[in-house]
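**Q** Take a look at this one; I'll ask things after.
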Number of protein chains: 2
Amino acid sequence: MRVAILAHEKFPGRAKTALGVLRYADYEAVAVLDRESAGSRVSDHVPDVQDAPIVEGMDDLEADEVDALLIGIAPIGGGFDESWRSDVRTALEYGCDVISGLHYFLEDDEEFVELAEENGCELRDVRKPDDDLTVAEGIAGDVDAEVITTVGTDCSVGKMTVSMRLARDAREAGYDVGVIPTGQTGIMIEGWGNPIDRVVSDFTAGAVEEMIVEKGDEHDYLIVEGQGSIVHPAYSAVTCGILHGSMPDKLVLCHDAGREVVHGYESFDLPSIPTYVDLYENLSAPVAEAEVVAGALNTSDLEDDAAREAVDEYADALGAPATDVIRHDTDEILEVILE
Amino acid sequence: MRVAILAHEKFPGRAKTALGVLRYADYEAVAVLDRESAGSRVSDHVPDVQDAPIVEGMDDLEADEVDALLIGIAPIGGGFDESWRSDVRTALEYGCDVISGLHYFLEDDEEFVELAEENGCELRDVRKPDDDLTVAEGIAGDVDAEVITTVGTDCSVGKMTVSMRLARDAREAGYDVGVIPTGQTGIMIEGWGNPIDRVVSDFTAGAVEEMIVEKGDEHDYLIVEGQGSIVHPAYSAVTCGILHGSMPDKLVLCHDAGREVVHGYESFDLPSIPTYVDLYENLSAPVAEAEVVAGALNTSDLEDDAAREAVDEYADALGAPATDVIRHDTDEILEVILE
């Protein structure tokens with residue numbers, strides 16, 4: 001599928017979804033739309049992802065060179081920015097599907113619905129949960145695949161990136177690995193999944209279990225994209241539902257180097273790394289015996305030497321191998337994850 | 001408010017909501033509707049709750065003697081039983097409001113909507129969450145009230161009953177206590193509340209926090225009705241959201257004597273009581289330092305001597321005072337809860 005990725009005024013620094021798609025998805029990126037950086041290329045800004053030209057808008061593309069427009073940014077609150085309307089309109093007139101992870105559903109927009117009908121294309125709101133979700137049966141542990149769940153010390157510490165990178169590197173090494181996407185970017189990259197943070201709270205574990213059961217006999221390994229943190233003042237329910245719903249065999253603890261307080265909730269200190277290990281393992285145990293076998297540290301704010309040192313310290317605190325999956329290689333942690 | 005309580009073929013054994021309302025709500029019960037026990041009285045079946053005649057249906061009551069019909073039972077799945085339709089119809093024709101905690105929303109039933117409009121009465125689906133819920137801010141701990149949250153070893157171990165009984169006994173002893181209802185029966189009894197199991201999972205903690213903030217400066221104590229269990233294969237997300245959203249000062253651990261496996265999920269063993277204490281306290285700590293200060297044991301399946309012994313053993317395992325709030329008194333545990 002050939003996609004254009006909308007990232008107006010936010011590429012690359014504040015376009016997490018766009019970057020994730022360029023880095024990990026199988027789509028062919030025809031262009032990034034960013035009226036601020038138009039004229040440059042993706043490779044002028046980010047070295048290690050799929051390259052593409054950056055253009056002003058959909059008008060700069062021809063109808064026959066693109067299959068879908070993907071909304072690659074999410075403003076705070078998840079609303080639709082009216083300055084994007086002409087791009088979405090043009091995409092639909094070109095017959096392109098439009099894929100969005102916004103809280104604002106394109107399907108609720110009359111103009112878009114009409115245009116999609118007229119042009120025989122689809123509006124895909126990936127943040128809209130399936131209607132047929134229900135409570136977990138406690139059967140995710142019965143699948144053939146070994147289940148590895150990424151967990152975190154906080155939000156935005158890299159669980160999605162770690163999940164995708166581990167899956168990619170393991171596949172390159174010849175392993176049969178599936179990914180269970182639980183958030184909007186993961187869902188956009190994989191092209192399917194349940195947005196766990198939007199499901200009815202009683203169905204949190206069930207929505208994860210449903211995905212594990214669907215894919216669990218097709219692969220030797222499943223990597224479950226975690227969300228939030230088990231001691232987050234707002235989001236721990238989602239984290240807990242993913243932990244128990246996925247019934248993992250192994251856990252990978254993700255952390256951001258230097259993070260000491262909960263992002264956006266600065267009056268709450270993060271507990272120590274060994275405390276997280278105990279919490280995740282002890283909470284998981286009655287449902288699924290799972291051990292934190294490896295760690296992933298985001299060191300993007302550090303210089304090379306400091307990064308290496310931070311990873312070593314993190315591994316010591318964990319009592320398990322660790323790496324920065326973007327900066328360093330994943331060989332050592334894949335060894336324990338896939339053993 | 002004068003209410004009729006629908007409990008067809010299920011009173012009293014399988015009519016948890018009806019019994020809860022008769023036991024704890026301030027409503028005047030005009031009648032219980034149960035076509036199987038019609039002709040008898042509530043007091044013929046249950047000794048220690050508000051008494052009322054049991055009748056066949058709404059037709060046995062006069063329009064001017066009842067203000068509301070309350071659905072006091074919930075079939076598995078939460079559907080609407082068509083054999084109740086004539087009672088709801090008659091109630092609406094009488095001008096009565098109809099209050100329901102079913103998953104099936106009365107507001108989605110065309111006939112009921114029309115009748116309610118014609119007769120100027122209200123359909124109140126208490127399981128329908130407010131539209132304006134959002135994520136927690138982490139501020140429940142800032143309220144003046146001391147927050148006590150009931151937590152459990154499993155579903156259906158008595159958290160709602162314990163919350164209501166503790167509140168009632170504390171009020172009778174002169175304390176100013178509010179209840180934060182999180183489930184359908186609690187909401188029916190108190191006449192307000194958020195059905196936490198039905199909210200968007202990202203808003204689980206936020207929906208609890210909103211209630212605590214609303215009531216937290218009006219009372220000296222708030223008792224938060226817990227749900228599920230922190231190691232339940234399906235419902236732990238809801239439990240975790242209530243734990244962190246309520247930011248409790250104290251916890252009361254509820255358990256059912258003799259329960260050894262998760263109800264309905266019999267392949268999962270319950271951990272030991274001290275393990276639950278550690279799990280709840282350790283998981284709470286990074287958000288709110290809370291101690292399990294007391295226990296409540298449901299001994300309804302035991303003889304008197306065995307019940308007394310079971311409570312003593314439970315208290316020993318907890319390292320804290322315990323009681324059966326229905327069978328024994330609550331003096332000792334209220335002392336530590338309200339100290």
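Here, A, B, ... name the chains of the structure tokens in the order displayed, residue numbers run from 1 inside each chain, and ligands are numbered from 1 in the same displayed order.
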With a cut-off of 6 Å and counting only C-alpha atoms, select all residues of chain A in contact with chain B and give the selection as a PyMOL selection string.
**A** chain A and resi 135-136+138+197-202+205+233-235+237+240-241+244
**Q** Print the selection's residues with N, CA and C atoms to a file, as an mmCIF file, in the first residue's frame.
**A**
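Below is the file that was written, again13.cif:
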data_model
loop_
_atom_site.group_PDB
_atom_site.id
_atom_site.type_symbol
_atom_site.label_atom_id
_atom_site.label_comp_id
_atom_site.auth_asym_id
_atom_site.auth_seq_id
_atom_site.Cartn_x
_atom_site.Cartn_y
_atom_site.Cartn_z
ATOM 1 N N VAL A 135 -15.626 -9.644 28.082
ATOM 2 C CA VAL A 135 -14.703 -9.892 29.190
ATOM 3 C C VAL A 135 -13.756 -11.044 28.845
ATOM 4 N N ALA A 136 -12.584 -11.033 29.473
ATOM 5 C CA ALA A 136 -11.597 -12.085 29.233
ATOM 6 C C ALA A 136 -12.082 -13.410 29.811
ATOM 7 N N GLY A 138 -9.648 -15.714 30.432
ATOM 8 C CA GLY A 138 -8.454 -16.234 31.114
ATOM 9 C C GLY A 138 -7.759 -17.328 30.324
ATOM 10 N N ASP A 197 -6.879 1.537 25.235
ATOM 11 C CA ASP A 197 -7.267 2.637 26.123
ATOM 12 C C ASP A 197 -8.673 3.153 25.851
ATOM 13 N N ARG A 198 -9.300 2.722 24.753
ATOM 14 C CA ARG A 198 -10.649 3.197 24.414
ATOM 15 C C ARG A 198 -11.731 2.165 24.678
ATOM 16 N N VAL A 199 -11.382 0.949 25.094
ATOM 17 C CA VAL A 199 -12.421 -0.068 25.272
ATOM 18 C C VAL A 199 -13.121 0.132 26.615
ATOM 19 N N VAL A 200 -14.276 -0.457 26.788
ATOM 20 C CA VAL A 200 -14.979 -0.450 28.070
ATOM 21 C C VAL A 200 -14.061 -1.093 29.120
ATOM 22 N N SER A 201 -13.953 -0.482 30.290
ATOM 23 C CA SER A 201 -12.926 -0.914 31.251
ATOM 24 C C SER A 201 -13.062 -2.386 31.620
ATOM 25 N N ASP A 202 -14.286 -2.897 31.677
ATOM 26 C CA ASP A 202 -14.483 -4.303 31.999
ATOM 27 C C ASP A 202 -13.907 -5.238 30.930
ATOM 28 N N ALA A 205 -8.847 -6.484 29.631
ATOM 29 C CA ALA A 205 -8.102 -7.735 29.462
ATOM 30 C C ALA A 205 -8.676 -8.550 28.296
ATOM 31 N N PRO A 233 -0.840 7.320 37.998
ATOM 32 C CA PRO A 233 -2.052 7.804 38.682
ATOM 33 C C PRO A 233 -3.306 7.781 37.805
ATOM 34 N N ALA A 234 -3.137 7.845 36.501
ATOM 35 C CA ALA A 234 -4.311 7.882 35.618
ATOM 36 C C ALA A 234 -4.471 6.614 34.781
ATOM 37 N N TYR A 235 -3.385 6.013 34.319
ATOM 38 C CA TYR A 235 -3.480 4.987 33.277
ATOM 39 C C TYR A 235 -3.193 3.564 33.731
ATOM 40 N N ALA A 237 -4.934 1.314 35.050
ATOM 41 C CA ALA A 237 -5.962 0.319 34.742
ATOM 42 C C ALA A 237 -5.665 -0.342 33.394
ATOM 43 N N CYS A 240 -2.678 -2.694 33.727
ATOM 44 C CA CYS A 240 -3.021 -3.916 34.459
ATOM 45 C C CYS A 240 -3.837 -4.861 33.577
ATOM 46 N N GLY A 241 -4.755 -4.308 32.800
ATOM 47 C CA GLY A 241 -5.558 -5.125 31.905
ATOM 48 C C GLY A 241 -4.718 -5.799 30.832
ATOM 49 N N HIS A 244 -2.576 -8.717 32.618
ATOM 50 C CA HIS A 244 -3.321 -9.953 32.902
ATOM 51 C C HIS A 244 -3.994 -10.524 31.657
#
**Q** Could you pull the residues within 7 Å of range 94-107 of chain B, counting only C-alpha atoms, minus those fewer than 6 positions along the same chain, as a PyMOL selection string?
**A** chain B and resi 63+66-71+74+78-80+113+119-127+184
**Q** Need to verify the contact set: range 24-32 of chain A, 9 Å, only C-alpha atoms, exclusion of same-chain residues closer than 6 positions in sequence. Can you return it as a PyMOL selection string?
**A** chain A and resi 1-8+11+18+38+41-42+49-57+61+65-66+72+161+164-165+168+188-191
**Q** List every residue of range 53-281 of chain B that DSSP, applied to the backbone, labels as strand (DSSP E), and write the result as a ChimeraX atom specification.
**A** /B:54-55,68-71,97-100,123-125,146-152,177-180,221-224,250-256,261-262,265-269
**Q** Output C-alpha atoms for every residue in that selection, as a PDB file, in the first residue's frame.
**A**
ATOM      1  CA  ILE B  54     -44.425  -9.335  47.662  1.00  0.00           C
ATOM      2  CA  VAL B  55     -46.849  -8.982  44.756  1.00  0.00           C
ATOM      3  CA  ALA B  68     -40.481   4.578  40.892  1.00  0.00           C
ATOM      4  CA  LEU B  69     -39.941   1.037  39.677  1.00  0.00           C
ATOM      5  CA  LEU B  70     -36.468  -0.278  40.293  1.00  0.00           C
ATOM      6  CA  ILE B  71     -35.110  -3.317  38.416  1.00  0.00           C
ATOM      7  CA  ASP B  97     -39.653   6.649  36.871  1.00  0.00           C
ATOM      8  CA  VAL B  98     -37.914   3.373  36.041  1.00  0.00           C
ATOM      9  CA  ILE B  99     -34.394   2.794  37.375  1.00  0.00           C
ATOM     10  CA  SER B 100     -32.256   0.062  35.854  1.00  0.00           C
ATOM     11  CA  LEU B 123     -35.836   6.274  32.391  1.00  0.00           C
ATOM     12  CA  ARG B 124     -32.685   6.089  34.494  1.00  0.00           C
ATOM     13  CA  ASP B 125     -30.028   3.681  33.205  1.00  0.00           C
ATOM     14  CA  GLU B 146     -10.009  10.338  54.943  1.00  0.00           C
ATOM     15  CA  VAL B 147     -10.506   7.860  52.075  1.00  0.00           C
ATOM     16  CA  ILE B 148     -11.136   4.184  52.865  1.00  0.00           C
ATOM     17  CA  THR B 149     -11.336   1.830  49.882  1.00  0.00           C
ATOM     18  CA  THR B 150     -12.724  -1.699  50.056  1.00  0.00           C
ATOM     19  CA  VAL B 151     -10.648  -4.184  48.064  1.00  0.00           C
ATOM     20  CA  GLY B 152     -11.204  -7.882  47.535  1.00  0.00           C
ATOM     21  CA  VAL B 177     -19.325   9.365  56.251  1.00  0.00           C
ATOM     22  CA  GLY B 178     -19.979   9.470  52.507  1.00  0.00           C
ATOM     23  CA  VAL B 179     -20.047   6.476  50.162  1.00  0.00           C
ATOM     24  CA  ILE B 180     -18.520   6.510  46.661  1.00  0.00           C
ATOM     25  CA  TYR B 221     -14.670  10.044  55.725  1.00  0.00           C
ATOM     26  CA  LEU B 222     -15.362   8.546  52.320  1.00  0.00           C
ATOM     27  CA  ILE B 223     -15.825   4.825  51.852  1.00  0.00           C
ATOM     28  CA  VAL B 224     -15.100   3.788  48.259  1.00  0.00           C
ATOM     29  CA  LYS B 250      -6.730   2.935  54.264  1.00  0.00           C
ATOM     30  CA  LEU B 251      -7.840  -0.352  52.731  1.00  0.00           C
ATOM     31  CA  VAL B 252     -10.315  -2.970  53.964  1.00  0.00           C
ATOM     32  CA  LEU B 253      -9.709  -6.410  52.448  1.00  0.00           C
ATOM     33  CA  CYS B 254     -12.900  -8.390  51.767  1.00  0.00           C
ATOM     34  CA  HIS B 255     -12.892 -12.163  51.376  1.00  0.00           C
ATOM     35  CA  ASP B 256     -15.346 -15.045  51.185  1.00  0.00           C
ATOM     36  CA  VAL B 261     -10.180 -20.318  43.338  1.00  0.00           C
ATOM     37  CA  VAL B 262     -11.375 -17.374  41.263  1.00  0.00           C
ATOM     38  CA  TYR B 265     -12.269 -18.934  36.523  1.00  0.00           C
ATOM     39  CA  GLU B 266     -11.603 -22.067  38.543  1.00  0.00           C
ATOM     40  CA  SER B 267      -8.197 -22.839  37.014  1.00  0.00           C
ATOM     41  CA  PHE B 268      -6.816 -19.766  38.834  1.00  0.00           C
ATOM     42  CA  ASP B 269      -5.963 -20.224  42.531  1.00  0.00           C
TER      43      ASP B 269
END
**Q** As JSON, numbers by chain, please: every residue in range 178-293 of chain B that DSSP puts in alpha helix (DSSP H).
**A** {"B": [184, 185, 186, 187, 188, 189, 190, 204, 205, 206, 207, 208, 209, 210, 211, 212, 213, 214, 215, 236, 237, 238, 239, 240, 241, 242, 243, 244, 245, 246, 273, 274, 275, 276, 277, 278, 279, 280, 281, 282, 283, 284]}
**Q** How about saving the chosen residues, N, CA and C atoms kept, as a short mmCIF file (atom, residue, chain, number, x, y, z; two decimals), in the first residue's frame?
**A**
data_model
loop_
_atom_site.label_atom_id
_atom_site.label_comp_id
_atom_site.auth_asym_id
_atom_site.auth_seq_id
_atom_site.Cartn_x
_atom_site.Cartn_y
_atom_site.Cartn_z
N GLN B 184 -23.48 -1.02 40.00
CA GLN B 184 -24.90 -0.76 39.82
C GLN B 184 -25.70 -0.76 41.12
N THR B 185 -25.44 -1.72 42.00
CA THR B 185 -26.23 -1.79 43.23
C THR B 185 -25.91 -0.60 44.14
N GLY B 186 -24.63 -0.31 44.29
CA GLY B 186 -24.24 0.84 45.09
C GLY B 186 -24.86 2.13 44.55
N ILE B 187 -24.88 2.26 43.22
CA ILE B 187 -25.46 3.46 42.60
C ILE B 187 -26.96 3.51 42.86
N MET B 188 -27.64 2.36 42.79
CA MET B 188 -29.08 2.32 43.06
C MET B 188 -29.37 2.70 44.50
N ILE B 189 -28.53 2.22 45.41
CA ILE B 189 -28.75 2.50 46.83
C ILE B 189 -28.52 3.98 47.13
N GLU B 190 -27.42 4.52 46.61
CA GLU B 190 -27.06 5.90 46.94
C GLU B 190 -27.76 6.92 46.04
N THR B 204 -10.82 5.12 33.79
CA THR B 204 -11.21 4.35 34.96
C THR B 204 -10.88 5.10 36.26
N ALA B 205 -9.61 5.47 36.41
CA ALA B 205 -9.22 6.20 37.61
C ALA B 205 -9.89 7.57 37.65
N GLY B 206 -10.01 8.20 36.50
CA GLY B 206 -10.61 9.54 36.44
C GLY B 206 -12.05 9.56 36.90
N ALA B 207 -12.79 8.50 36.58
CA ALA B 207 -14.20 8.45 36.96
C ALA B 207 -14.36 8.29 38.47
N VAL B 208 -13.39 7.66 39.11
CA VAL B 208 -13.41 7.55 40.58
C VAL B 208 -12.98 8.88 41.19
N GLU B 209 -11.89 9.41 40.65
CA GLU B 209 -11.37 10.69 41.16
C GLU B 209 -12.45 11.77 41.12
N GLU B 210 -13.19 11.84 40.03
CA GLU B 210 -14.23 12.86 39.89
C GLU B 210 -15.22 12.80 41.06
N MET B 211 -15.59 11.57 41.47
CA MET B 211 -16.56 11.42 42.57
C MET B 211 -15.93 11.81 43.91
N ILE B 212 -14.66 11.41 44.09
CA ILE B 212 -13.97 11.75 45.35
C ILE B 212 -13.85 13.26 45.48
N VAL B 213 -13.49 13.91 44.39
CA VAL B 213 -13.32 15.37 44.42
C VAL B 213 -14.67 16.04 44.71
N GLU B 214 -15.74 15.48 44.12
CA GLU B 214 -17.08 16.06 44.32
C GLU B 214 -17.52 15.98 45.78
N LYS B 215 -17.22 14.88 46.44
CA LYS B 215 -17.75 14.66 47.80
C LYS B 215 -16.71 14.83 48.90
N SER B 236 -9.20 -7.16 36.65
CA SER B 236 -8.20 -6.46 37.46
C SER B 236 -8.00 -5.01 37.02
N ALA B 237 -8.27 -4.70 35.76
CA ALA B 237 -8.08 -3.32 35.30
C ALA B 237 -9.00 -2.38 36.08
N VAL B 238 -10.24 -2.79 36.26
CA VAL B 238 -11.20 -1.97 37.00
C VAL B 238 -10.73 -1.79 38.45
N THR B 239 -10.28 -2.88 39.06
CA THR B 239 -9.79 -2.83 40.43
C THR B 239 -8.63 -1.86 40.57
N CYS B 240 -7.68 -1.96 39.63
CA CYS B 240 -6.49 -1.13 39.67
C CYS B 240 -6.85 0.34 39.50
N GLY B 241 -7.77 0.62 38.59
CA GLY B 241 -8.20 2.00 38.38
C GLY B 241 -8.87 2.59 39.61
N ILE B 242 -9.66 1.78 40.32
CA ILE B 242 -10.31 2.27 41.54
C ILE B 242 -9.27 2.49 42.63
N LEU B 243 -8.31 1.57 42.73
CA LEU B 243 -7.26 1.71 43.75
C LEU B 243 -6.50 3.03 43.56
N HIS B 244 -6.00 3.26 42.36
CA HIS B 244 -5.19 4.46 42.14
C HIS B 244 -6.05 5.72 42.00
N GLY B 245 -7.23 5.58 41.43
CA GLY B 245 -8.10 6.76 41.28
C GLY B 245 -8.61 7.27 42.61
N SER B 246 -8.78 6.38 43.59
CA SER B 246 -9.31 6.81 44.89
C SER B 246 -8.21 7.32 45.80
N ILE B 273 -3.69 -14.82 51.77
CA ILE B 273 -4.13 -13.52 52.28
C ILE B 273 -2.95 -12.55 52.45
N PRO B 274 -1.85 -12.97 53.05
CA PRO B 274 -0.71 -12.03 53.14
C PRO B 274 -0.20 -11.57 51.78
N THR B 275 -0.30 -12.43 50.77
CA THR B 275 0.10 -12.01 49.42
C THR B 275 -0.81 -10.89 48.91
N TYR B 276 -2.12 -11.02 49.16
CA TYR B 276 -3.03 -9.93 48.78
C TYR B 276 -2.67 -8.63 49.49
N VAL B 277 -2.38 -8.73 50.78
CA VAL B 277 -2.05 -7.52 51.54
C VAL B 277 -0.84 -6.84 50.91
N ASP B 278 0.20 -7.63 50.64
CA ASP B 278 1.40 -7.06 50.02
C ASP B 278 1.09 -6.45 48.65
N LEU B 279 0.34 -7.18 47.83
CA LEU B 279 0.04 -6.70 46.49
C LEU B 279 -0.70 -5.37 46.53
N TYR B 280 -1.76 -5.30 47.33
CA TYR B 280 -2.54 -4.05 47.38
C TYR B 280 -1.71 -2.90 47.95
N GLU B 281 -0.97 -3.16 49.01
CA GLU B 281 -0.20 -2.08 49.63
C GLU B 281 0.95 -1.63 48.72
N ASN B 282 1.66 -2.58 48.14
CA ASN B 282 2.81 -2.23 47.30
C ASN B 282 2.38 -1.54 46.00
N LEU B 283 1.25 -1.97 45.46
CA LEU B 283 0.77 -1.35 44.23
C LEU B 283 0.23 0.05 44.50
N SER B 284 -0.37 0.24 45.64
CA SER B 284 -0.91 1.55 46.00
C SER B 284 0.20 2.54 46.31
#
**Q** Given the choices B:Ala257, B:Leu22, B:Leu33, B:Ala116, which gets closest to Leu302 in chain B if the distance is worked out from only C-alpha atoms?
**A**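 Closest to Leu302 in chain B of all the choices is B:Ala257.
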**Q** Which value, in Å to one decimal, gives the distance between CA of Glu332 in chain B and CA of Arg308 in chain B?
**A** 14.3 Å
**Q** Which residue is closest to Ala322 in chain B? Choose from B:Gly39, B:Leu297, B:Glu303, B:Leu133 and count only C-alpha atoms.
**A**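 Once distances to Ala322 in chain B are computed over only C-alpha atoms, the minimum belongs to B:Leu297.
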**Q** Could you work out how far CA of Glu339 in chain B lies from CA of Tyr175 in chain B, giving the answer in Å with one decimal?
**A**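 These atoms are spaced 11.1 Å apart.
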**Q** Looking at only C-alpha atoms, which of A:Ala294, A:Val157, A:Ala306, A:Ile333 is the one that sits closest to Leu318 in chain A?
**A**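 Selected residue with least distance to Leu318 in chain A: A:Ala294.
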